[in-house]
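**Q** Contents are TSV, C-alpha atoms; file name query-v7.tsv:
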chain	number	residue	atom	x	y	z
A	1	MET	CA	106.46	106.19	130.26
A	2	PRO	CA	105.48	108.48	127.39
A	3	THR	CA	107.56	109.24	124.36
A	4	ARG	CA	110.47	111.28	125.64
A	5	ARG	CA	109.88	114.11	123.23
A	6	SER	CA	107.90	114.90	120.12
A	7	PHE	CA	109.03	117.19	117.34
A	8	LEU	CA	105.91	119.19	116.52
A	9	LEU	CA	106.22	122.15	114.20
A	10	GLY	CA	104.04	125.17	114.61
A	11	GLY	CA	103.96	128.78	115.67
A	12	LEU	CA	104.68	127.92	119.28
A	13	ALA	CA	107.76	129.92	120.21
A	14	ALA	CA	105.83	133.18	120.39
A	15	ALA	CA	103.34	131.66	122.80
A	16	ALA	CA	106.20	130.44	124.97
A	17	MET	CA	107.49	133.99	125.24
A	18	GLN	CA	104.17	135.41	126.47
A	19	PHE	CA	104.93	134.36	130.02
A	20	ALA	CA	108.44	134.96	131.29
A	21	PRO	CA	108.76	134.64	135.05
A	22	ARG	CA	111.94	135.33	136.97
A	23	ARG	CA	114.88	133.80	135.18
A	24	GLY	CA	116.14	131.16	137.51
A	25	HIS	CA	119.14	131.99	139.64
A	26	ALA	CA	120.47	134.82	137.52
A	27	ARG	CA	120.20	138.43	138.62
A	28	GLU	CA	117.65	140.66	136.93
A	29	GLY	CA	118.94	141.65	133.52
A	30	ALA	CA	121.72	139.06	133.47
A	31	ALA	CA	122.79	137.45	130.21
A	32	PRO	CA	120.05	135.00	129.14
A	33	GLU	CA	122.55	132.20	128.61
A	34	ALA	CA	123.42	132.27	132.31
A	35	GLY	CA	120.13	130.90	133.57
A	36	PHE	CA	116.76	129.35	132.93
A	37	VAL	CA	113.15	130.23	133.58
A	38	ASP	CA	112.34	128.66	136.94
A	39	LEU	CA	108.63	128.23	137.61
A	40	MET	CA	109.13	125.97	140.62
A	41	PRO	CA	109.24	128.72	143.31
A	42	GLU	CA	105.84	130.00	142.14
A	43	PHE	CA	104.55	126.44	142.02
A	44	TRP	CA	105.65	125.67	145.59
A	45	ARG	CA	103.89	128.79	146.85
A	46	ALA	CA	100.68	127.76	145.10
A	47	TYR	CA	101.08	124.17	146.31
A	48	ALA	CA	101.39	125.36	149.92
A	49	SER	CA	98.50	127.80	149.65
A	50	ALA	CA	96.21	125.06	148.30
A	51	GLU	CA	96.80	122.93	151.39
A	52	GLY	CA	93.57	122.60	153.35
A	53	ALA	CA	91.36	123.91	150.54
A	54	ALA	CA	88.00	122.21	150.15
A	55	ASP	CA	88.88	121.41	146.54
A	56	ARG	CA	92.67	121.28	146.61
A	57	ALA	CA	93.14	120.38	142.94
A	58	ARG	CA	90.95	123.29	141.83
A	59	ALA	CA	92.78	125.68	144.16
A	60	LEU	CA	96.17	124.61	142.79
A	61	HIS	CA	94.90	124.74	139.20
A	62	ASP	CA	93.47	128.23	139.64
A	63	ALA	CA	96.54	129.59	141.45
A	64	PHE	CA	99.29	128.14	139.26
A	65	PHE	CA	98.27	126.25	136.12
A	66	ALA	CA	95.43	128.41	134.77
A	67	PRO	CA	97.46	131.67	134.73
A	68	ARG	CA	100.13	129.85	132.72
A	69	ALA	CA	97.79	128.14	130.26
A	70	SER	CA	99.45	129.72	127.19
A	71	LEU	CA	102.90	128.58	128.27
A	72	TYR	CA	101.67	125.05	128.90
A	73	ALA	CA	99.90	125.07	125.53
A	74	SER	CA	103.24	125.90	123.92
A	75	ALA	CA	104.59	122.71	125.51
A	76	GLY	CA	101.66	120.71	124.14
A	77	LEU	CA	99.84	120.47	127.49
A	78	LYS	CA	96.38	121.44	128.66
A	79	PRO	CA	96.49	121.30	132.47
A	80	GLY	CA	92.77	121.13	133.26
A	81	ILE	CA	91.36	120.63	136.74
A	82	GLU	CA	90.62	116.95	136.15
A	83	ARG	CA	94.17	116.28	135.05
A	84	VAL	CA	95.59	118.11	138.05
A	85	ALA	CA	93.30	116.09	140.34
A	86	ARG	CA	94.53	112.78	138.87
A	87	TRP	CA	98.16	113.87	139.15
A	88	LEU	CA	98.13	115.40	142.61
A	89	PRO	CA	98.01	112.28	144.87
A	90	GLU	CA	100.99	110.66	143.13
A	91	PHE	CA	102.85	113.96	143.10
A	92	ASP	CA	102.27	114.38	146.84
A	93	ALA	CA	104.12	111.10	147.45
A	94	MET	CA	107.22	112.37	145.65
A	95	ALA	CA	107.00	116.08	146.46
A	96	ASP	CA	110.05	116.00	148.75
A	97	ASP	CA	112.17	114.40	146.01
A	98	VAL	CA	110.96	116.94	143.44
A	99	ARG	CA	111.67	119.79	145.85
A	100	ARG	CA	115.21	118.49	146.40
A	101	LEU	CA	115.79	118.13	142.65
A	102	ALA	CA	114.51	121.63	141.92
A	103	ALA	CA	116.67	123.12	144.68
A	104	GLY	CA	119.80	121.46	143.31
A	105	PHE	CA	119.03	122.15	139.67
A	106	PRO	CA	120.72	125.60	139.42
A	107	ALA	CA	124.15	124.30	140.40
A	108	VAL	CA	123.92	121.33	138.06
A	109	HIS	CA	122.70	123.56	135.24
A	110	ALA	CA	125.53	126.06	135.75
A	111	ALA	CA	128.13	123.27	135.62
A	112	HIS	CA	126.44	121.89	132.51
A	113	VAL	CA	126.60	125.28	130.77
A	114	ARG	CA	130.33	125.55	131.42
A	115	ARG	CA	131.03	121.97	130.33
A	116	PHE	CA	128.92	122.24	127.18
A	117	ALA	CA	130.56	125.54	126.19
A	118	ARG	CA	134.00	123.95	126.38
A	119	ALA	CA	132.95	121.05	124.13
A	120	LEU	CA	130.79	123.06	121.71
A	121	PRO	CA	131.94	126.68	121.88
A	122	ASP	CA	129.78	127.74	118.93
A	123	PHE	CA	126.56	126.84	120.76
A	124	ASP	CA	124.53	129.98	121.44
A	125	HIS	CA	122.60	129.62	124.70
A	126	ALA	CA	120.89	132.95	124.10
A	127	ARG	CA	118.93	131.51	121.17
A	128	THR	CA	116.79	129.26	123.32
A	129	ARG	CA	114.59	129.36	126.42
A	130	ILE	CA	114.69	126.65	129.09
A	131	TYR	CA	111.75	126.26	131.47
A	132	LEU	CA	111.76	124.22	134.69
A	133	LEU	CA	108.17	123.44	135.65
A	134	PRO	CA	105.82	120.68	136.80
A	135	SER	CA	104.76	118.72	133.69
A	136	LEU	CA	101.94	116.67	135.25
A	137	PHE	CA	104.10	113.64	134.40
A	138	ALA	CA	103.72	114.37	130.68
A	139	PHE	CA	107.48	114.49	130.11
A	140	ASP	CA	110.92	114.74	131.62
A	141	GLY	CA	112.26	116.87	128.76
A	142	HIS	CA	110.24	118.20	125.84
A	143	LEU	CA	111.29	120.23	122.81
A	144	GLU	CA	108.91	122.29	120.68
A	145	PRO	CA	110.35	123.70	117.44
A	146	GLY	CA	108.61	126.86	116.33
A	147	GLY	CA	109.66	130.02	114.54
A	148	GLU	CA	113.38	130.52	114.99
A	149	GLY	CA	113.58	129.10	118.49
A	150	LEU	CA	113.46	125.74	120.19
A	151	PRO	CA	112.13	126.05	123.75
A	152	LEU	CA	113.11	123.24	126.10
A	153	PHE	CA	110.59	122.36	128.79
A	154	ILE	CA	111.94	120.35	131.73
A	155	GLY	CA	109.42	118.58	133.93
A	156	ALA	CA	110.80	118.42	137.48
A	157	ASP	CA	108.11	115.91	138.44
A	158	GLY	CA	108.68	113.91	135.25
A	159	LEU	CA	112.37	113.59	136.01
A	160	VAL	CA	111.61	111.98	139.36
A	161	ARG	CA	108.74	109.88	138.01
A	162	TYR	CA	110.72	108.39	135.13
A	163	HIS	CA	114.29	108.46	136.43
A	164	GLY	CA	113.99	107.95	140.17
A	165	SER	CA	114.62	110.17	143.16
A	166	SER	CA	118.21	111.00	142.13
A	167	PRO	CA	118.33	111.30	138.32
A	168	ASP	CA	121.61	112.06	136.58
A	169	LEU	CA	120.82	115.63	135.59
A	170	SER	CA	124.21	116.16	133.94
A	171	VAL	CA	123.52	113.40	131.42
A	172	PHE	CA	119.98	114.61	130.91
A	173	LEU	CA	120.97	118.24	130.29
A	174	ASP	CA	123.79	117.34	127.91
A	175	HIS	CA	121.43	115.14	125.91
A	176	GLU	CA	118.79	117.86	125.65
A	177	SER	CA	121.27	120.65	124.94
A	178	PHE	CA	122.77	118.62	122.12
A	179	HIS	CA	119.32	118.63	120.54
A	180	LEU	CA	119.34	122.41	120.88
A	181	TYR	CA	122.76	122.45	119.23
A	182	GLN	CA	121.45	120.24	116.41
A	183	PHE	CA	118.67	122.75	115.86
A	184	GLN	CA	121.16	125.60	115.60
A	185	VAL	CA	123.56	123.97	113.15
A	186	ALA	CA	121.22	121.66	111.18
A	187	PRO	CA	117.62	122.71	111.77
A	188	GLY	CA	116.16	120.89	108.79
A	189	LEU	CA	116.42	117.38	110.17
A	190	ILE	CA	115.47	117.94	113.80
A	191	GLY	CA	112.71	120.32	112.73
A	192	ASP	CA	111.17	117.74	110.43
A	193	PRO	CA	107.85	116.61	111.99
A	194	ALA	CA	108.24	113.18	110.39
A	195	PRO	CA	111.92	112.42	109.77
A	196	PRO	CA	112.87	109.14	108.12
A	197	VAL	CA	114.04	106.38	110.43
A	198	TYR	CA	117.69	107.04	109.61
A	199	GLY	CA	117.22	110.71	110.50
A	200	ALA	CA	115.50	109.99	113.82
A	201	LEU	CA	118.25	107.49	114.63
A	202	TRP	CA	120.83	110.20	113.98
A	203	ILE	CA	118.98	112.81	116.03
A	204	GLU	CA	118.67	110.59	119.09
A	205	GLY	CA	121.85	108.58	118.61
A	206	THR	CA	124.14	111.61	118.49
A	207	ALA	CA	122.45	113.25	121.50
A	208	THR	CA	122.85	110.03	123.48
A	209	TYR	CA	126.47	109.76	122.37
A	210	ALA	CA	127.17	113.39	123.30
A	211	SER	CA	125.81	112.83	126.81
A	212	GLU	CA	128.09	109.79	127.11
A	213	ARG	CA	131.15	111.66	125.84
A	214	LEU	CA	130.57	114.64	128.12
A	215	ASN	CA	129.96	112.44	131.17
A	216	PRO	CA	132.63	109.73	130.97
A	217	GLY	CA	131.84	108.57	134.50
A	218	ALA	CA	128.16	107.96	133.78
A	219	GLY	CA	126.92	104.40	133.49
A	220	LEU	CA	125.22	103.08	130.37
A	221	LEU	CA	121.92	102.86	132.27
A	222	HIS	CA	121.81	106.65	132.77
A	223	VAL	CA	123.02	107.35	129.25
A	224	LEU	CA	120.15	105.21	127.93
A	225	LEU	CA	117.46	107.13	129.80
A	226	ASP	CA	117.52	104.83	132.84
A	227	ASP	CA	116.01	102.08	130.72
A	228	ALA	CA	117.24	98.77	132.18
A	229	ALA	CA	115.98	96.75	129.21
A	230	LEU	CA	118.02	98.84	126.79
A	231	ALA	CA	121.13	98.91	128.95
A	232	GLY	CA	120.98	95.14	129.40
A	233	ALA	CA	120.30	94.24	125.76
A	234	ASP	CA	122.53	91.45	124.51
A	235	ALA	CA	124.43	91.30	121.22
A	236	GLY	CA	121.65	89.35	119.52
A	237	THR	CA	119.09	91.98	120.44
A	238	ARG	CA	121.30	94.74	119.13
A	239	ARG	CA	121.75	92.91	115.85
A	240	ALA	CA	117.99	92.39	115.54
A	241	VAL	CA	117.21	96.06	116.14
A	242	ALA	CA	119.88	97.17	113.67
A	243	SER	CA	118.54	94.78	111.02
A	244	ALA	CA	114.96	95.98	111.51
A	245	MET	CA	116.03	99.61	111.29
A	246	LEU	CA	118.02	98.91	108.15
A	247	ASP	CA	114.89	97.44	106.55
A	248	ALA	CA	112.89	100.55	107.49
A	249	LEU	CA	115.67	103.05	106.77
A	250	ASP	CA	113.63	105.54	104.72
A	251	SER	CA	110.27	105.03	106.39
A	252	THR	CA	108.46	108.10	107.66
A	253	ASP	CA	105.55	106.02	108.93
A	254	GLU	CA	104.43	106.90	112.43
A	255	ALA	CA	104.25	103.22	113.35
A	256	ASP	CA	107.93	102.75	112.54
A	257	ALA	CA	108.87	105.86	114.52
A	258	ALA	CA	106.97	104.47	117.51
A	259	ARG	CA	108.46	101.01	117.06
A	260	PHE	CA	112.01	102.29	117.41
A	261	PHE	CA	111.74	105.45	119.51
A	262	SER	CA	108.62	105.39	121.70
A	263	ALA	CA	108.37	104.05	125.23
A	264	GLY	CA	105.74	101.49	126.01
A	265	GLU	CA	105.95	99.74	122.65
A	266	SER	CA	105.79	95.95	122.71
A	267	GLY	CA	107.49	93.71	120.20
A	268	PRO	CA	110.40	91.36	119.62
A	269	PHE	CA	112.96	93.84	120.97
A	270	PRO	CA	112.98	96.49	123.72
A	271	ALA	CA	111.03	99.70	123.27
A	272	ARG	CA	113.16	102.64	122.11
A	273	GLY	CA	115.73	100.32	120.60
A	274	GLY	CA	116.58	103.15	118.23
A	275	TYR	CA	118.32	104.97	121.08
A	276	LEU	CA	120.56	101.97	121.73
A	277	VAL	CA	121.43	101.34	118.09
A	278	GLY	CA	121.69	105.08	117.45
A	279	LEU	CA	124.29	105.29	120.20
A	280	GLU	CA	126.26	102.45	118.60
A	281	VAL	CA	126.11	104.13	115.18
A	282	ALA	CA	127.19	107.49	116.63
A	283	ARG	CA	130.06	105.86	118.52
A	284	ARG	CA	131.35	104.37	115.26
A	285	ILE	CA	131.07	107.56	113.27
A	286	GLY	CA	132.40	109.51	116.25
A	287	ARG	CA	135.75	107.75	115.80
A	288	GLU	CA	136.25	110.00	112.77
A	289	LEU	CA	134.13	113.08	113.49
A	290	SER	CA	134.20	115.42	116.47
A	291	LEU	CA	131.09	116.31	118.45
A	292	PRO	CA	130.60	119.61	116.57
A	293	GLU	CA	130.95	117.79	113.24
A	294	LEU	CA	128.41	115.06	113.94
A	295	PRO	CA	125.16	117.03	113.48
A	296	ARG	CA	126.58	118.64	110.37
A	297	LEU	CA	126.61	115.26	108.62
A	298	GLN	CA	123.35	115.48	106.69
A	299	GLY	CA	121.52	114.47	103.52
A	300	PRO	CA	122.62	111.62	101.24
A	301	ALA	CA	126.02	111.38	102.94
A	302	LEU	CA	124.32	110.81	106.29
A	303	ARG	CA	121.93	108.22	104.90
A	304	GLU	CA	124.75	106.30	103.24
A	305	ARG	CA	126.89	106.31	106.37
A	306	VAL	CA	124.05	105.27	108.69
A	307	ALA	CA	123.08	102.45	106.31
A	308	ARG	CA	126.66	101.21	106.24
A	309	GLU	CA	126.98	101.19	110.03
A	310	LEU	CA	123.59	99.55	110.51
A	311	ALA	CA	124.58	96.79	108.09
A	312	ALA	CA	127.79	96.23	110.03
A	313	LEU	CA	125.92	96.10	113.35
A	314	ALA	CA	123.27	93.76	111.92
A	315	THR	CA	125.93	91.24	110.92
A	316	GLY	CA	127.99	91.59	114.09
A	317	GLN	CA	130.97	93.38	112.54
A	318	ALA	CA	133.20	95.29	114.95
Would it be possible to restate this file's structure as structure tokens?
**A**
Amino acid sequence: MPTRRSFLLGGLAAAAMQFAPRRGHAREGAAPEAGFVDLMPEFWRAYASAEGAADRARALHDAFFAPRASLYASAGLKPGIERVARWLPEFDAMADDVRRLAAGFPAVHAAHVRRFARALPDFDHARTRIYLLPSLFAFDGHLEPGGEGLPLFIGADGLVRYHGSSPDLSVFLDHESFHLYQFQVAPGLIGDPAPPVYGALWIEGTATYASERLNPGAGLLHVLLDDAALAGADAGTRRAVASAMLDALDSTDEADAARFFSAGESGPFPARGGYLVGLEVARRIGRELSLPELPRLQGPALRERVARELAALATGQA
């Protein structure tokens, strides 16, 4: 499974605006915060029309992916014919699950918008664009800071590939929207292309914590990205990850970022251990600060507080 998201700065928001298909499940001209840009209906039409073509991958590429090349580029993807051809057989096997997820997405999204607005009433949905599209398994959710906006790209196929046929979309959307909220109230940290370890821990830890708080019935497995190794980590593993992160607190090295936050990493503790320890740190600080206050904790005060909580976790203090 690839890294869940990458924070890549650049002039990408303008490119994302070049293609704006029908805003999903909101009437023409409705308030932008009411919906999302739904590319799946156009995709399903192209998918059906490519059936029986002599070169099916090329037909699907030419009908759907090529006309949207600039939008995909703004999400960091280049959907060439060869990539579509590699993806298509595996996608075919899960197409029914993806179709079911995409059909149910509007209702889940609408409930998410209402729930998120109650918890974080100062969040401005109109300041971002959300796209539901096939990601060629590149991601489930992907954020691309650029200009004054932070587009969120949601891969319907990636959600099924990495979270199973019935992913918890409420948890997923709350996690991603909290990143959008972070960008609105404290853009410096989340917009940093190479944040220090303590900053990345705070970015991911608070988003994971927010999704837990807003979905009290969700299990730890879903809150931790459906990662069984993370959800099942014992106390010794948690202490080891906290200790290692404390030692690398100020590192901006890409290897340290991968060690704690990337999927597929191998080592003495589970990949993406930073999400698990970040959740623990956010839970502790969340005893004193509300959800809206958490992302506003920044700078030296944030570093000092994260270091203190990591030290406590590393030594097993409650």
**Q** Find, counting all atoms listed in the file, the residue in A:Phe105, A:Phe123, A:Tyr47, A:Tyr198 that gets nearest to Leu173 (chain A).
**A**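 The answer is A:Phe105, which sits nearest to Leu173 (chain A).
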**Q** Do you have the CA of Thr206 (chain A)-CA of Gly264 (chain A) distance handy?
**A**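 For CA of Thr206 (chain A) relative to CA of Gly264 (chain A), the distance reads 22.3 Å.
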**Q** Excluding same-chain residues fewer than 6 positions from Asp122 (chain A), what lies within 10 Å of it counting only C-alpha atoms, as an NGL selection string?
**A** :A and (116 or 181 or 184-185 or 292)
**Q** What is the CA of Ser290 (chain A) to CA of Leu189 (chain A) distance in Å?
**A**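 CA of Ser290 (chain A) sits 19.0 Å away from CA of Leu189 (chain A).
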**Q** At what distance in Å, to one decimal, does CA of Phe36 (chain A) lie from CA of Ser74 (chain A)?
**A**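 Calculated distance between CA of Ser74 (chain A) and CA of Phe36 (chain A) is 16.6 Å.
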**Q** Could you tell me which of A:Ala312, A:Ala242, A:Ala54, A:Val171 comes closest to Phe269 (chain A) if we count all atoms listed in the file?
**A**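 Answer, going by the shortest atom-to-atom distance: A:Ala242.
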**Q** Can you pull out the residues contacting Leu39 (chain A)? Cut-off 6 Å, using only C-alpha atoms, and skip same-chain residues under 2 positions away; I want them as a PyMOL selection string.
**A** chain A and resi 41-42+132-133
**Q** A:Ser177, A:Ser135, A:Ser49, A:Thr208: which is nearest Leu276 (chain A), counting only C-alpha atoms?
**A**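 Of all the options, A:Thr208 lies closest to Leu276 (chain A).
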**Q** Looking at A:Leu152, A:Gly164, A:Leu279, A:Phe139, which one is nearest to Glu204 (chain A), with distances taken over all atoms listed in the file?
**A** A:Leu279
**Q** My list of candidates is A:Leu297, A:Val160, A:Ala314, A:Ala75. Which is closest to Leu246 (chain A) when distances are computed with all atoms listed in the file?
**A**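 Checking each candidate against Leu246 (chain A), we get A:Ala314 as the closest.
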**Q** Between A:Gly191, A:Pro134, A:Pro121, A:Gly52, which is the closest to Gly155 (chain A) once you count all atoms listed in the file?
**A**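 Checking each of A:Gly191, A:Pro134, A:Pro121, A:Gly52 against Gly155 (chain A), counting all atoms listed in the file, the winner is A:Pro134.
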**Q** Excluding Asp247 (chain A) and residues on its chain fewer than 5 positions from it, collect all residues at most 10 Å away from it, counting all atoms listed in the file, and give them as a compact mmCIF listing (two decimals) with C-alpha atoms, keeping the file's coordinate frame.
**A**
# COMPACT_ATOMS: atom_id res chain seq x y z
CA VAL A 197 114.04 106.38 110.43
CA VAL A 241 117.21 96.06 116.14
CA ALA A 242 119.88 97.17 113.67
CA ALA A 307 123.08 102.45 106.31
CA LEU A 310 123.59 99.55 110.51
CA ALA A 311 124.58 96.79 108.09
**Q** Report the closest atom pair, with its distance in Å rounded to one decimal, for each residue of region 126-215 of chain A that has an atom no farther than 12 Å from region 298-302 of chain A; count all atoms listed in the file, sort by chain and then rising residue number, and write it as a Markdown table.
**A**
| residue | atom | partner | partner_atom | distance |
| --- | --- | --- | --- | --- |
| A:Gln182 | CA | A:Gln298 | CA | 11.0 |
| A:Val185 | CA | A:Gln298 | CA | 10.7 |
| A:Ala186 | CA | A:Gln298 | CA | 7.9 |
| A:Pro187 | CA | A:Gln298 | CA | 10.5 |
| A:Gly188 | CA | A:Gln298 | CA | 9.2 |
| A:Leu189 | CA | A:Gln298 | CA | 8.0 |
| A:Ile190 | CA | A:Gln298 | CA | 10.9 |
| A:Pro195 | CA | A:Gly299 | CA | 11.6 |
| A:Pro196 | CA | A:Gly299 | CA | 11.2 |
| A:Val197 | CA | A:Leu302 | CA | 11.9 |
| A:Tyr198 | CA | A:Leu302 | CA | 8.3 |
| A:Gly199 | CA | A:Leu302 | CA | 8.3 |
| A:Ala200 | CA | A:Leu302 | CA | 11.6 |
| A:Leu201 | CA | A:Leu302 | CA | 10.8 |
| A:Trp202 | CA | A:Leu302 | CA | 8.5 |
| A:Ile203 | CA | A:Gln298 | CA | 10.7 |
**Q** Show which residues sit within 10 Å of Ala240 (chain A), as a list in words. Count all atoms listed in the file, and ignore same-chain residues fewer than 5 positions away.
**A**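 Using all atoms listed in the file, the neighbours found are Ala235, Met245, Leu246, Pro268, Phe269, Gly273, Val277, Leu313, Ala314 and Thr315 of chain A.
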